[in-house]
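Structure first, then comments.
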Amino acid sequence: MKDELVLKLLEIVKKDKFIDDNTLDDVLMNYLKQAGDMVCLYIAENELPNTLETVVVRMAENHYIQTMNDADGVKSYTEEGASWTFNDNDLTPFISLLEKYLDSKNNNYHRGELMSW
């Protein structure tokens, strides 16, 4: 992912998570780059399409939350009555969106069409 895009997505993550300083910028940019790499690998493209930027942001935010709760690598985490459940794979919650993107890219997206045979 290009540095300009990482910086743009970083600002979105910081706004979403109410982060006002730059102390976590390197960590968050690393999460964004990793998420971007995973999405690009899954869809077999070298550059991240604009329509999938939100997926990368959400993946990075999910990883940030998991790490901030010292739950990196665990499936669930409970503290003082609150519990979180995490996926084994960061892509799992977004597979349906990525598949819809691939279907639309390959003209296999039939939303609103009537088909008969």
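Identifiers in this document derive from the order of the structure tokens: chains are assigned A, B, ..., residues are numbered from 1 separately in each chain, and ligands are numbered from 1 in order of occurrence.
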TODO: Give me every helix (DSSP H, G or I) residue in range 6-107 of chain A, going by DSSP on the backbone, as a ChimeraX atom specification.
DONE: /A:6-16,25-43,50-68,92-105
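Checking A:Ala60, A:Met29, A:Leu7, A:Met1 one by one against Asp90 in chain A, counting only C-alpha atoms, you find the shortest gap at A:Ala60.
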The distance between CA of Val39 in chain A and CA of Leu52 in chain A is 8.1 Å
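You will find CA of Lys17 in chain A at 23.5 Å from CA of Ile95 in chain A.
With only C-alpha atoms as the basis for measurement, A:Val6 is the residue among A:Leu41, A:Tyr101, A:Thr92, A:Val6 that approaches Asp26 in chain A most closely.
Between Asn22 in chain A and the residues A:Lys105, A:Asp37, A:Ile43, A:Leu10, the shortest atom-to-atom distance, using only C-alpha atoms, involves A:Leu10.
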Min atom-atom distance to Lys15 in chain A from the set A:Leu32, A:Ala44, A:Thr78, A:Val57, counting only C-alpha atoms, belongs to A:Val57
Taken to one decimal, the CA of Leu91 in chain A-CA of Leu24 in chain A distance is 22.6 Å
Min atom-atom distance to Arg58 in chain A from the set A:Gln34, A:Gly81, A:Asn107, A:Phe94, counting only C-alpha atoms, belongs to A:Phe94
